[in-house]
file query-v7.cif (mmCIF, N, CA and C atoms)
data_structure
loop_
_atom_site.label_atom_id
_atom_site.label_comp_id
_atom_site.auth_asym_id
_atom_site.auth_seq_id
_atom_site.Cartn_x
_atom_site.Cartn_y
_atom_site.Cartn_z
N MET C 1 -96.61 73.63 53.20
CA MET C 1 -96.91 73.89 51.81
C MET C 1 -96.29 75.20 51.36
N GLY C 2 -96.20 76.19 52.21
CA GLY C 2 -95.62 77.48 51.85
C GLY C 2 -94.14 77.36 51.50
N SER C 3 -93.42 76.50 52.20
CA SER C 3 -91.99 76.37 51.93
C SER C 3 -91.75 75.69 50.59
N SER C 4 -92.62 74.76 50.18
CA SER C 4 -92.43 74.09 48.89
C SER C 4 -92.67 75.06 47.73
N MET C 5 -93.60 76.02 47.90
CA MET C 5 -93.83 77.03 46.86
C MET C 5 -92.59 77.92 46.70
N ALA C 6 -91.95 78.23 47.82
CA ALA C 6 -90.74 79.06 47.77
C ALA C 6 -89.63 78.32 47.05
N GLU C 7 -89.55 77.02 47.23
CA GLU C 7 -88.53 76.23 46.55
C GLU C 7 -88.78 76.16 45.05
N VAL C 8 -90.04 76.09 44.65
CA VAL C 8 -90.37 76.02 43.23
C VAL C 8 -90.05 77.34 42.54
N VAL C 9 -90.33 78.45 43.19
CA VAL C 9 -90.13 79.77 42.61
C VAL C 9 -88.65 80.16 42.61
N LYS C 10 -87.88 79.61 43.52
CA LYS C 10 -86.47 79.95 43.67
C LYS C 10 -85.71 79.65 42.39
N LYS C 11 -85.01 80.65 41.88
CA LYS C 11 -84.24 80.49 40.65
C LYS C 11 -82.83 80.04 40.98
N GLU C 12 -82.21 79.42 40.01
CA GLU C 12 -80.80 79.05 40.16
C GLU C 12 -79.96 80.33 40.17
N ARG C 13 -79.10 80.41 41.15
CA ARG C 13 -78.22 81.58 41.23
C ARG C 13 -76.99 81.34 40.37
N PRO C 14 -76.47 82.38 39.73
CA PRO C 14 -75.28 82.19 38.89
C PRO C 14 -74.07 81.82 39.74
N VAL C 15 -73.19 81.07 39.15
CA VAL C 15 -71.98 80.63 39.83
C VAL C 15 -70.82 81.46 39.28
N TYR C 16 -70.10 82.13 40.16
CA TYR C 16 -68.93 82.90 39.76
C TYR C 16 -67.69 82.13 40.22
N ARG C 17 -66.84 81.83 39.27
CA ARG C 17 -65.66 81.03 39.58
C ARG C 17 -64.43 81.93 39.62
N ASN C 18 -63.57 81.67 40.57
CA ASN C 18 -62.26 82.30 40.58
C ASN C 18 -61.35 81.43 39.74
N ILE C 19 -60.81 82.00 38.68
CA ILE C 19 -59.94 81.21 37.82
C ILE C 19 -58.51 81.67 38.02
N GLY C 20 -57.60 80.74 37.85
CA GLY C 20 -56.18 81.04 38.00
C GLY C 20 -55.56 81.44 36.67
N ILE C 21 -54.34 81.91 36.73
CA ILE C 21 -53.62 82.35 35.53
C ILE C 21 -53.52 81.20 34.53
N GLY C 22 -53.28 80.01 34.99
CA GLY C 22 -53.15 78.86 34.09
C GLY C 22 -54.44 78.49 33.38
N GLN C 23 -55.57 78.88 33.93
CA GLN C 23 -56.86 78.54 33.34
C GLN C 23 -57.37 79.59 32.36
N ILE C 24 -56.70 80.72 32.27
CA ILE C 24 -57.20 81.82 31.45
C ILE C 24 -57.31 81.40 29.98
N VAL C 25 -56.33 80.67 29.49
CA VAL C 25 -56.33 80.28 28.07
C VAL C 25 -57.47 79.32 27.77
N SER C 26 -57.76 78.41 28.67
CA SER C 26 -58.79 77.41 28.39
C SER C 26 -60.19 77.84 28.84
N TYR C 27 -60.30 78.91 29.63
CA TYR C 27 -61.60 79.36 30.11
C TYR C 27 -62.34 80.08 29.00
N ARG C 28 -63.57 79.73 28.76
CA ARG C 28 -64.34 80.29 27.65
C ARG C 28 -65.16 81.48 28.12
N LEU C 29 -64.67 82.66 27.80
CA LEU C 29 -65.37 83.89 28.15
C LEU C 29 -66.34 84.28 27.04
N PRO C 30 -67.43 84.94 27.38
CA PRO C 30 -68.29 85.48 26.32
C PRO C 30 -67.57 86.62 25.61
N LEU C 31 -68.02 86.93 24.42
CA LEU C 31 -67.37 87.97 23.62
C LEU C 31 -67.33 89.31 24.35
N ALA C 32 -68.37 89.64 25.07
CA ALA C 32 -68.39 90.90 25.83
C ALA C 32 -67.30 90.90 26.90
N GLY C 33 -67.03 89.75 27.49
CA GLY C 33 -65.96 89.64 28.49
C GLY C 33 -64.59 89.83 27.87
N ILE C 34 -64.40 89.29 26.67
CA ILE C 34 -63.13 89.44 25.97
C ILE C 34 -62.90 90.91 25.63
N VAL C 35 -63.93 91.58 25.12
CA VAL C 35 -63.82 93.01 24.79
C VAL C 35 -63.52 93.82 26.04
N SER C 36 -64.14 93.47 27.15
CA SER C 36 -63.91 94.18 28.40
C SER C 36 -62.47 94.01 28.87
N ILE C 37 -61.95 92.80 28.78
CA ILE C 37 -60.56 92.57 29.18
C ILE C 37 -59.60 93.28 28.24
N LEU C 38 -59.87 93.24 26.94
CA LEU C 38 -59.02 93.95 25.99
C LEU C 38 -59.05 95.47 26.25
N HIS C 39 -60.20 95.98 26.67
CA HIS C 39 -60.31 97.40 27.00
C HIS C 39 -59.40 97.74 28.18
N ARG C 40 -59.37 96.90 29.17
CA ARG C 40 -58.52 97.15 30.34
C ARG C 40 -57.04 97.03 29.99
N ILE C 41 -56.69 95.99 29.22
CA ILE C 41 -55.29 95.78 28.84
C ILE C 41 -54.80 96.93 27.96
N SER C 42 -55.60 97.31 26.96
CA SER C 42 -55.18 98.40 26.08
C SER C 42 -55.07 99.72 26.84
N GLY C 43 -55.95 99.95 27.79
CA GLY C 43 -55.86 101.16 28.61
C GLY C 43 -54.60 101.18 29.45
N ALA C 44 -54.25 100.05 30.03
CA ALA C 44 -53.03 99.98 30.84
C ALA C 44 -51.79 100.20 29.99
N ILE C 45 -51.76 99.60 28.81
CA ILE C 45 -50.60 99.76 27.92
C ILE C 45 -50.49 101.22 27.46
N LEU C 46 -51.61 101.81 27.08
CA LEU C 46 -51.57 103.21 26.66
C LEU C 46 -51.11 104.12 27.79
N PHE C 47 -51.56 103.84 29.00
CA PHE C 47 -51.14 104.64 30.16
C PHE C 47 -49.64 104.49 30.41
N LEU C 48 -49.14 103.27 30.34
CA LEU C 48 -47.72 103.04 30.61
C LEU C 48 -46.82 103.62 29.52
N LEU C 49 -47.29 103.65 28.29
CA LEU C 49 -46.48 104.17 27.19
C LEU C 49 -46.63 105.67 26.97
N LEU C 50 -47.52 106.30 27.72
CA LEU C 50 -47.73 107.74 27.54
C LEU C 50 -46.46 108.56 27.75
N PRO C 51 -45.64 108.33 28.78
CA PRO C 51 -44.41 109.13 28.93
C PRO C 51 -43.46 108.95 27.73
N PHE C 52 -43.35 107.74 27.22
CA PHE C 52 -42.49 107.48 26.06
C PHE C 52 -43.02 108.20 24.82
N ALA C 53 -44.33 108.17 24.62
CA ALA C 53 -44.93 108.85 23.47
C ALA C 53 -44.73 110.36 23.58
N LEU C 54 -44.88 110.91 24.77
CA LEU C 54 -44.66 112.34 24.96
C LEU C 54 -43.20 112.72 24.74
N TYR C 55 -42.29 111.85 25.16
CA TYR C 55 -40.87 112.08 24.92
C TYR C 55 -40.57 112.10 23.42
N LEU C 56 -41.11 111.12 22.68
CA LEU C 56 -40.89 111.09 21.24
C LEU C 56 -41.49 112.33 20.56
N PHE C 57 -42.65 112.74 21.01
CA PHE C 57 -43.29 113.94 20.47
C PHE C 57 -42.42 115.17 20.73
N GLU C 58 -41.90 115.27 21.94
CA GLU C 58 -41.03 116.40 22.29
C GLU C 58 -39.77 116.39 21.43
N GLN C 59 -39.20 115.20 21.22
CA GLN C 59 -37.99 115.08 20.39
C GLN C 59 -38.27 115.45 18.94
N SER C 60 -39.45 115.10 18.45
CA SER C 60 -39.77 115.42 17.06
C SER C 60 -39.94 116.92 16.84
N LEU C 61 -40.27 117.66 17.90
CA LEU C 61 -40.45 119.09 17.79
C LEU C 61 -39.19 119.89 18.07
N THR C 62 -38.13 119.22 18.52
CA THR C 62 -36.91 119.92 18.90
C THR C 62 -36.24 120.59 17.70
N SER C 63 -36.04 119.83 16.63
CA SER C 63 -35.40 120.38 15.44
C SER C 63 -35.77 119.54 14.23
N GLU C 64 -35.40 120.05 13.05
CA GLU C 64 -35.66 119.29 11.83
C GLU C 64 -34.83 118.01 11.80
N LEU C 65 -33.62 118.10 12.31
CA LEU C 65 -32.73 116.94 12.33
C LEU C 65 -33.30 115.83 13.19
N SER C 66 -33.78 116.16 14.39
CA SER C 66 -34.34 115.13 15.26
C SER C 66 -35.62 114.54 14.65
N PHE C 67 -36.40 115.38 13.96
CA PHE C 67 -37.59 114.88 13.29
C PHE C 67 -37.21 113.90 12.18
N ASP C 68 -36.17 114.23 11.40
CA ASP C 68 -35.73 113.34 10.32
C ASP C 68 -35.19 112.02 10.87
N VAL C 69 -34.50 112.08 12.01
CA VAL C 69 -33.99 110.85 12.64
C VAL C 69 -35.16 109.96 13.07
N LEU C 70 -36.16 110.53 13.73
CA LEU C 70 -37.33 109.75 14.15
C LEU C 70 -38.10 109.22 12.94
N ARG C 71 -38.15 110.02 11.89
CA ARG C 71 -38.85 109.57 10.68
C ARG C 71 -38.13 108.39 10.03
N SER C 72 -36.80 108.42 10.02
CA SER C 72 -36.05 107.29 9.45
C SER C 72 -36.20 106.04 10.31
N ILE C 73 -36.28 106.22 11.62
CA ILE C 73 -36.51 105.07 12.50
C ILE C 73 -37.90 104.49 12.25
N ALA C 74 -38.88 105.35 12.06
CA ALA C 74 -40.26 104.89 11.84
C ALA C 74 -40.46 104.24 10.47
N SER C 75 -39.50 104.37 9.58
CA SER C 75 -39.64 103.74 8.26
C SER C 75 -39.27 102.26 8.29
N ASN C 76 -38.69 101.78 9.38
CA ASN C 76 -38.35 100.36 9.53
C ASN C 76 -39.63 99.54 9.64
N TRP C 77 -39.67 98.36 9.01
CA TRP C 77 -40.90 97.54 9.00
C TRP C 77 -41.27 97.07 10.40
N PHE C 78 -40.28 96.77 11.25
CA PHE C 78 -40.59 96.30 12.59
C PHE C 78 -41.20 97.42 13.43
N VAL C 79 -40.67 98.62 13.28
CA VAL C 79 -41.20 99.78 14.00
C VAL C 79 -42.62 100.07 13.52
N LYS C 80 -42.86 99.87 12.22
CA LYS C 80 -44.21 100.06 11.69
C LYS C 80 -45.19 99.06 12.31
N LEU C 81 -44.73 97.82 12.53
CA LEU C 81 -45.59 96.83 13.20
C LEU C 81 -45.89 97.23 14.63
N VAL C 82 -44.90 97.78 15.32
CA VAL C 82 -45.11 98.25 16.70
C VAL C 82 -46.10 99.42 16.69
N ILE C 83 -45.94 100.34 15.75
CA ILE C 83 -46.87 101.46 15.64
C ILE C 83 -48.27 100.95 15.32
N LEU C 84 -48.36 99.94 14.46
CA LEU C 84 -49.66 99.36 14.13
C LEU C 84 -50.31 98.71 15.35
N ALA C 85 -49.52 98.00 16.16
CA ALA C 85 -50.06 97.37 17.37
C ALA C 85 -50.54 98.44 18.36
N LEU C 86 -49.79 99.51 18.49
CA LEU C 86 -50.21 100.60 19.38
C LEU C 86 -51.45 101.29 18.84
N SER C 87 -51.54 101.41 17.53
CA SER C 87 -52.73 102.01 16.91
C SER C 87 -53.95 101.15 17.18
N TRP C 88 -53.79 99.82 17.05
CA TRP C 88 -54.90 98.93 17.35
C TRP C 88 -55.32 99.08 18.81
N GLY C 89 -54.34 99.15 19.71
CA GLY C 89 -54.66 99.31 21.13
C GLY C 89 -55.45 100.58 21.39
N PHE C 90 -55.03 101.68 20.75
CA PHE C 90 -55.75 102.93 20.93
C PHE C 90 -57.16 102.84 20.35
N LEU C 91 -57.28 102.30 19.13
CA LEU C 91 -58.58 102.24 18.47
C LEU C 91 -59.54 101.30 19.20
N GLN C 92 -59.02 100.18 19.68
CA GLN C 92 -59.86 99.24 20.43
C GLN C 92 -60.30 99.87 21.74
N HIS C 93 -59.39 100.56 22.41
CA HIS C 93 -59.73 101.20 23.68
C HIS C 93 -60.76 102.30 23.45
N PHE C 94 -60.60 103.07 22.39
CA PHE C 94 -61.54 104.14 22.08
C PHE C 94 -62.93 103.57 21.78
N CYS C 95 -62.99 102.55 20.91
CA CYS C 95 -64.29 101.97 20.54
C CYS C 95 -64.98 101.32 21.75
N ALA C 96 -64.20 100.63 22.58
CA ALA C 96 -64.79 100.00 23.77
C ALA C 96 -65.24 101.07 24.77
N GLY C 97 -64.53 102.19 24.84
CA GLY C 97 -64.95 103.28 25.71
C GLY C 97 -66.27 103.88 25.25
N VAL C 98 -66.43 104.04 23.93
CA VAL C 98 -67.70 104.52 23.39
C VAL C 98 -68.81 103.52 23.71
N ARG C 99 -68.48 102.23 23.64
CA ARG C 99 -69.46 101.18 23.99
C ARG C 99 -69.90 101.33 25.44
N HIS C 100 -68.95 101.56 26.34
CA HIS C 100 -69.30 101.71 27.76
C HIS C 100 -70.14 102.97 27.99
N LEU C 101 -69.81 104.05 27.30
CA LEU C 101 -70.63 105.27 27.42
C LEU C 101 -72.05 105.02 26.92
N ARG C 102 -72.17 104.29 25.83
CA ARG C 102 -73.49 103.97 25.30
C ARG C 102 -74.29 103.13 26.30
N MET C 103 -73.61 102.20 26.96
CA MET C 103 -74.31 101.38 27.95
C MET C 103 -74.73 102.21 29.16
N ASP C 104 -73.97 103.26 29.48
CA ASP C 104 -74.34 104.14 30.58
C ASP C 104 -75.62 104.91 30.28
N PHE C 105 -75.79 105.30 29.02
CA PHE C 105 -76.94 106.12 28.65
C PHE C 105 -78.13 105.32 28.15
N ASN C 106 -77.88 104.18 27.54
CA ASN C 106 -78.94 103.35 26.97
C ASN C 106 -78.95 102.02 27.72
N HIS C 107 -79.84 101.88 28.65
CA HIS C 107 -79.84 100.68 29.50
C HIS C 107 -80.29 99.43 28.76
N ASP C 108 -80.86 99.57 27.57
CA ASP C 108 -81.20 98.38 26.77
C ASP C 108 -79.94 97.67 26.29
N ALA C 109 -78.83 98.41 26.17
CA ALA C 109 -77.58 97.83 25.70
C ALA C 109 -76.91 96.97 26.77
N VAL C 110 -77.42 96.99 27.99
CA VAL C 110 -76.81 96.24 29.08
C VAL C 110 -77.27 94.78 29.10
N SER C 111 -78.26 94.45 28.30
CA SER C 111 -78.75 93.08 28.26
C SER C 111 -77.69 92.15 27.67
N LYS C 112 -77.90 90.86 27.81
CA LYS C 112 -76.95 89.88 27.31
C LYS C 112 -76.81 90.00 25.79
N GLU C 113 -77.92 90.11 25.11
CA GLU C 113 -77.89 90.23 23.64
C GLU C 113 -77.28 91.57 23.22
N GLY C 114 -77.64 92.64 23.91
CA GLY C 114 -77.08 93.96 23.61
C GLY C 114 -75.57 94.01 23.84
N GLY C 115 -75.12 93.36 24.91
CA GLY C 115 -73.69 93.30 25.19
C GLY C 115 -72.93 92.53 24.12
N LYS C 116 -73.51 91.43 23.67
CA LYS C 116 -72.87 90.64 22.63
C LYS C 116 -72.80 91.42 21.32
N ASN C 117 -73.92 92.06 20.95
CA ASN C 117 -73.95 92.82 19.71
C ASN C 117 -72.97 93.99 19.73
N SER C 118 -72.93 94.70 20.83
CA SER C 118 -72.01 95.85 20.91
C SER C 118 -70.55 95.38 20.95
N ALA C 119 -70.29 94.21 21.51
CA ALA C 119 -68.93 93.67 21.52
C ALA C 119 -68.48 93.33 20.10
N VAL C 120 -69.39 92.76 19.32
CA VAL C 120 -69.07 92.46 17.92
C VAL C 120 -68.78 93.75 17.16
N VAL C 121 -69.59 94.78 17.39
CA VAL C 121 -69.39 96.07 16.71
C VAL C 121 -68.03 96.65 17.08
N VAL C 122 -67.66 96.59 18.36
CA VAL C 122 -66.37 97.12 18.81
C VAL C 122 -65.23 96.39 18.11
N LEU C 123 -65.28 95.08 18.07
CA LEU C 123 -64.20 94.32 17.43
C LEU C 123 -64.12 94.61 15.94
N VAL C 124 -65.25 94.64 15.25
CA VAL C 124 -65.25 94.87 13.81
C VAL C 124 -64.76 96.28 13.49
N VAL C 125 -65.30 97.27 14.18
CA VAL C 125 -64.92 98.66 13.89
C VAL C 125 -63.45 98.89 14.20
N SER C 126 -62.98 98.39 15.33
CA SER C 126 -61.57 98.61 15.67
C SER C 126 -60.65 97.89 14.68
N LEU C 127 -61.03 96.72 14.21
CA LEU C 127 -60.19 96.01 13.23
C LEU C 127 -60.23 96.68 11.86
N VAL C 128 -61.37 97.19 11.46
CA VAL C 128 -61.46 97.89 10.17
C VAL C 128 -60.63 99.18 10.22
N LEU C 129 -60.73 99.93 11.31
CA LEU C 129 -59.93 101.14 11.45
C LEU C 129 -58.44 100.81 11.50
N THR C 130 -58.08 99.72 12.16
CA THR C 130 -56.68 99.30 12.22
C THR C 130 -56.19 98.89 10.83
N LEU C 131 -57.04 98.25 10.06
CA LEU C 131 -56.69 97.90 8.68
C LEU C 131 -56.43 99.16 7.86
N ALA C 132 -57.26 100.19 8.03
CA ALA C 132 -57.04 101.46 7.33
C ALA C 132 -55.71 102.09 7.74
N VAL C 133 -55.38 102.05 9.04
CA VAL C 133 -54.09 102.57 9.51
C VAL C 133 -52.95 101.76 8.90
N ALA C 134 -53.11 100.44 8.84
CA ALA C 134 -52.06 99.58 8.27
C ALA C 134 -51.83 99.90 6.79
N LEU C 135 -52.91 100.07 6.06
CA LEU C 135 -52.78 100.40 4.64
C LEU C 135 -52.06 101.75 4.46
N LYS C 136 -52.38 102.71 5.28
CA LYS C 136 -51.72 104.01 5.21
C LYS C 136 -50.27 103.90 5.65
N LEU C 137 -50.02 103.15 6.72
CA LEU C 137 -48.68 103.02 7.27
C LEU C 137 -47.72 102.32 6.31
N PHE C 138 -48.21 101.31 5.61
CA PHE C 138 -47.37 100.56 4.70
C PHE C 138 -47.46 101.06 3.26
N GLY C 139 -48.06 102.24 3.05
CA GLY C 139 -47.98 102.91 1.78
C GLY C 139 -48.97 102.49 0.72
N ALA C 140 -50.09 101.89 1.07
CA ALA C 140 -51.08 101.50 0.06
C ALA C 140 -51.78 102.72 -0.51
N PHE C 141 -51.89 103.79 0.26
CA PHE C 141 -52.45 105.06 -0.24
C PHE C 141 -51.83 106.22 0.49
#
call {"tool": "encode", "arguments": {"input": "query-v7.cif", "output": "structure tokens"}}
result
Amino acid sequence: MGSSMAEVVKKERPVYRNIGIGQIVSYRLPLAGIVSILHRISGAILFLLLPFALYLFEQSLTSELSFDVLRSIASNWFVKLVILALSWGFLQHFCAGVRHLRMDFNHDAVSKEGGKNSAVVVLVVSLVLTLAVALKLFGAF
């Protein structure tokens, strides 16, 4: 009789699946998982582009002529789209980092509902800030 009580009380354990690269597109992740993956991807991209960004910064400070050359390059619409994509990456990474810090200090945010709500906030805030950067970048104000 004791073993049957243990079986009744026993909860279903979660199943963790190893998914392959081909399954990533069709695998349905929760919103918190998507934000977490975007945080990692944006962090890796920002890290890899840091030497290039520092080089451009150094070049812009070299002389007025080099600054004007970089400014004329940045006026191209395609370059503006690249700058906008990098801005989104930075803003998304920043907002998701604040989310992770909040979860470290406020353990109520670690729940399933808290994770979903904070993921929505990260996506909305990062997209609104990116929209503001886009409006500024393309001359709306």
call {"tool": "atom_distance", "arguments": {"input": "query-v7.cif", "atom1": "atom CA of Val35 of chain C", "atom2": "atom CA of Ala119 of chain C"}}
result
6.1 Å
call {"tool": "closest_residue", "arguments": {"input": "query-v7.cif", "among": "C:Val133, C:Pro51, C:Tyr16, C:Tyr27", "to": "Ile83 of chain C", "atoms": "only N, CA and C atoms"}}
result
C:Val133
call {"tool": "closest_residue", "arguments": {"input": "query-v7.cif", "among": "C:Phe94, C:Tyr55, C:Phe138, C:Phe105", "to": "Ala74 of chain C", "atoms": "only C-alpha atoms"}}
result
C:Phe138
call {"tool": "resolve_selection", "arguments": {"input": "query-v7.cif", "expression": "the PyMOL selection byres (((chain C and resi 80 and name CA) around 12) and name CA)", "output": "list in words"}}
result
Arg71, Ser72, Ile73, Ala74, Ser75, Asn76, Trp77, Phe78, Val79, Leu81, Val82, Ile83, Leu84, Ala85, Leu86, Ser87, Val133, Ala134, Leu135, Lys136, Leu137, Phe138 and Gly139 of chain C
call {"tool": "write_last_selection", "arguments": {"input": "query-v7.cif", "atoms": "N, CA and C atoms", "output": "JSON list (two decimals), in the frame of the given file"}}
result
[["chain", "number", "residue", "atom", "x", "y", "z"],
["C", 71, "ARG", "N", -38.15, 110.02, 11.89],
["C", 71, "ARG", "CA", -38.85, 109.57, 10.68],
["C", 71, "ARG", "C", -38.13, 108.39, 10.03],
["C", 72, "SER", "N", -36.80, 108.42, 10.02],
["C", 72, "SER", "CA", -36.05, 107.29, 9.45],
["C", 72, "SER", "C", -36.20, 106.04, 10.31],
["C", 73, "ILE", "N", -36.28, 106.22, 11.62],
["C", 73, "ILE", "CA", -36.51, 105.07, 12.50],
["C", 73, "ILE", "C", -37.90, 104.49, 12.25],
["C", 74, "ALA", "N", -38.88, 105.35, 12.06],
["C", 74, "ALA", "CA", -40.26, 104.89, 11.84],
["C", 74, "ALA", "C", -40.46, 104.24, 10.47],
["C", 75, "SER", "N", -39.50, 104.37, 9.58],
["C", 75, "SER", "CA", -39.64, 103.74, 8.26],
["C", 75, "SER", "C", -39.27, 102.26, 8.29],
["C", 76, "ASN", "N", -38.69, 101.78, 9.38],
["C", 76, "ASN", "CA", -38.35, 100.36, 9.53],
["C", 76, "ASN", "C", -39.63, 99.54, 9.64],
["C", 77, "TRP", "N", -39.67, 98.36, 9.01],
["C", 77, "TRP", "CA", -40.90, 97.54, 9.00],
["C", 77, "TRP", "C", -41.27, 97.07, 10.40],
["C", 78, "PHE", "N", -40.28, 96.77, 11.25],
["C", 78, "PHE", "CA", -40.59, 96.30, 12.59],
["C", 78, "PHE", "C", -41.20, 97.42, 13.43],
["C", 79, "VAL", "N", -40.67, 98.62, 13.28],
["C", 79, "VAL", "CA", -41.20, 99.78, 14.00],
["C", 79, "VAL", "C", -42.62, 100.07, 13.52],
["C", 81, "LEU", "N", -44.73, 97.82, 12.53],
["C", 81, "LEU", "CA", -45.59, 96.83, 13.20],
["C", 81, "LEU", "C", -45.89, 97.23, 14.63],
["C", 82, "VAL", "N", -44.90, 97.78, 15.32],
["C", 82, "VAL", "CA", -45.11, 98.25, 16.70],
["C", 82, "VAL", "C", -46.10, 99.42, 16.69],
["C", 83, "ILE", "N", -45.94, 100.34, 15.75],
["C", 83, "ILE", "CA", -46.87, 101.46, 15.64],
["C", 83, "ILE", "C", -48.27, 100.95, 15.32],
["C", 84, "LEU", "N", -48.36, 99.94, 14.46],
["C", 84, "LEU", "CA", -49.66, 99.36, 14.13],
["C", 84, "LEU", "C", -50.31, 98.71, 15.35],
["C", 85, "ALA", "N", -49.52, 98.00, 16.16],
["C", 85, "ALA", "CA", -50.06, 97.37, 17.37],
["C", 85, "ALA", "C", -50.54, 98.44, 18.36],
["C", 86, "LEU", "N", -49.79, 99.51, 18.49],
["C", 86, "LEU", "CA", -50.21, 100.60, 19.38],
["C", 86, "LEU", "C", -51.45, 101.29, 18.84],
["C", 87, "SER", "N", -51.54, 101.41, 17.53],
["C", 87, "SER", "CA", -52.73, 102.01, 16.91],
["C", 87, "SER", "C", -53.95, 101.15, 17.18],
["C", 133, "VAL", "N", -55.38, 102.05, 9.04],
["C", 133, "VAL", "CA", -54.09, 102.57, 9.51],
["C", 133, "VAL", "C", -52.95, 101.76, 8.90],
["C", 134, "ALA", "N", -53.11, 100.44, 8.84],
["C", 134, "ALA", "CA", -52.06, 99.58, 8.27],
["C", 134, "ALA", "C", -51.83, 99.90, 6.79],
["C", 135, "LEU", "N", -52.91, 100.07, 6.06],
["C", 135, "LEU", "CA", -52.78, 100.40, 4.64],
["C", 135, "LEU", "C", -52.06, 101.75, 4.46],
["C", 136, "LYS", "N", -52.38, 102.71, 5.28],
["C", 136, "LYS", "CA", -51.72, 104.01, 5.21],
["C", 136, "LYS", "C", -50.27, 103.90, 5.65],
["C", 137, "LEU", "N", -50.02, 103.15, 6.72],
["C", 137, "LEU", "CA", -48.68, 103.02, 7.27],
["C", 137, "LEU", "C", -47.72, 102.32, 6.31],
["C", 138, "PHE", "N", -48.21, 101.31, 5.61],
["C", 138, "PHE", "CA", -47.37, 100.56, 4.70],
["C", 138, "PHE", "C", -47.46, 101.06, 3.26],
["C", 139, "GLY", "N", -48.06, 102.24, 3.05],
["C", 139, "GLY", "CA", -47.98, 102.91, 1.78],
["C", 139, "GLY", "C", -48.97, 102.49, 0.72]]
call {"tool": "atom_distance", "arguments": {"input": "query-v7.cif", "atom1": "atom CA of Leu54 of chain C", "atom2": "atom CA of Leu131 of chain C"}}
result
24.9 Å
call {"tool": "residues_around", "arguments": {"input": "query-v7.cif", "residues": "Cys95 of chain C", "least_positions_apart": "5", "cutoff": "6.5 Å", "atoms": "all atoms listed in the file", "output": "number ranges by chain"}}
result
C: 90, 100, 122, 126
call {"tool": "atom_distance", "arguments": {"input": "query-v7.cif", "atom1": "atom C of Arg40 of chain C", "atom2": "atom CA of Leu91 of chain C"}}
result
12.7 Å
call {"tool": "select_by_dssp", "arguments": {"input": "query-v7.cif", "residues": "chain C", "states": "helix (DSSP H, G or I)", "output": "PyMOL selection string"}}
result
chain C and resi 2-9+21-23+31-62+64-74+77-105+107-110+112-137
call {"tool": "resolve_selection", "arguments": {"input": "query-v7.cif", "expression": "the PyMOL selection byres (((chain C and resi 45 and name CA) around 12) and name CA)", "output": "list in words"}}
result
Leu38, His39, Arg40, Ile41, Ser42, Gly43, Ala44, Leu46, Phe47, Leu48, Leu49, Leu50, Pro51, Phe52, Ala53, Ala85, Leu86, Ser87, Trp88, Gly89, Phe90, Gln92 and His93 of chain C
call {"tool": "closest_residue", "arguments": {"input": "query-v7.cif", "among": "C:Glu64, C:Val125, C:Lys11, C:Ala96", "to": "Ser36 of chain C", "atoms": "only N, CA and C atoms"}}
result
C:Ala96
call {"tool": "decode", "arguments": {"input": "query-v7.cif", "residues": "segment 94-130 of chain C", "atoms": "C-alpha atoms", "output": "CSV table (one decimal), in the first residue's frame"}}
result
chain,number,residue,atom,x,y,z
C,94,PHE,CA,20.3,46.2,-22.6
C,95,CYS,CA,16.6,45.6,-21.8
C,96,ALA,CA,17.0,41.9,-21.5
C,97,GLY,CA,20.0,42.4,-19.2
C,98,VAL,CA,17.9,44.7,-16.9
C,99,ARG,CA,15.3,41.9,-17.0
C,100,HIS,CA,17.9,39.3,-15.8
C,101,LEU,CA,19.1,41.7,-13.0
C,102,ARG,CA,15.5,42.1,-11.9
C,103,MET,CA,15.0,38.4,-11.8
C,104,ASP,CA,18.2,38.1,-9.6
C,105,PHE,CA,16.8,40.5,-7.1
C,106,ASN,CA,13.1,39.8,-7.2
C,107,HIS,CA,12.5,36.1,-7.1
C,108,ASP,CA,8.7,36.6,-7.9
C,109,ALA,CA,9.8,37.5,-11.4
C,110,VAL,CA,11.2,34.0,-11.9
C,111,SER,CA,7.8,32.3,-12.1
C,112,LYS,CA,6.3,31.3,-15.4
C,113,GLU,CA,3.9,34.2,-15.5
C,114,GLY,CA,6.5,36.7,-14.3
C,115,GLY,CA,8.9,35.5,-17.0
C,116,LYS,CA,6.3,35.8,-19.7
C,117,ASN,CA,5.3,39.3,-18.5
C,118,SER,CA,8.9,40.5,-18.3
C,119,ALA,CA,9.6,39.1,-21.8
C,120,VAL,CA,6.7,41.0,-23.2
C,121,VAL,CA,8.0,44.2,-21.5
C,122,VAL,CA,11.5,43.6,-22.9
C,123,LEU,CA,10.2,43.2,-26.5
C,124,VAL,CA,7.9,46.2,-26.3
C,125,VAL,CA,10.4,48.5,-24.7
C,126,SER,CA,13.2,47.6,-27.0
C,127,LEU,CA,11.0,47.9,-30.1
C,128,VAL,CA,9.6,51.3,-29.0
C,129,LEU,CA,13.2,52.6,-28.3
C,130,THR,CA,14.3,51.2,-31.7
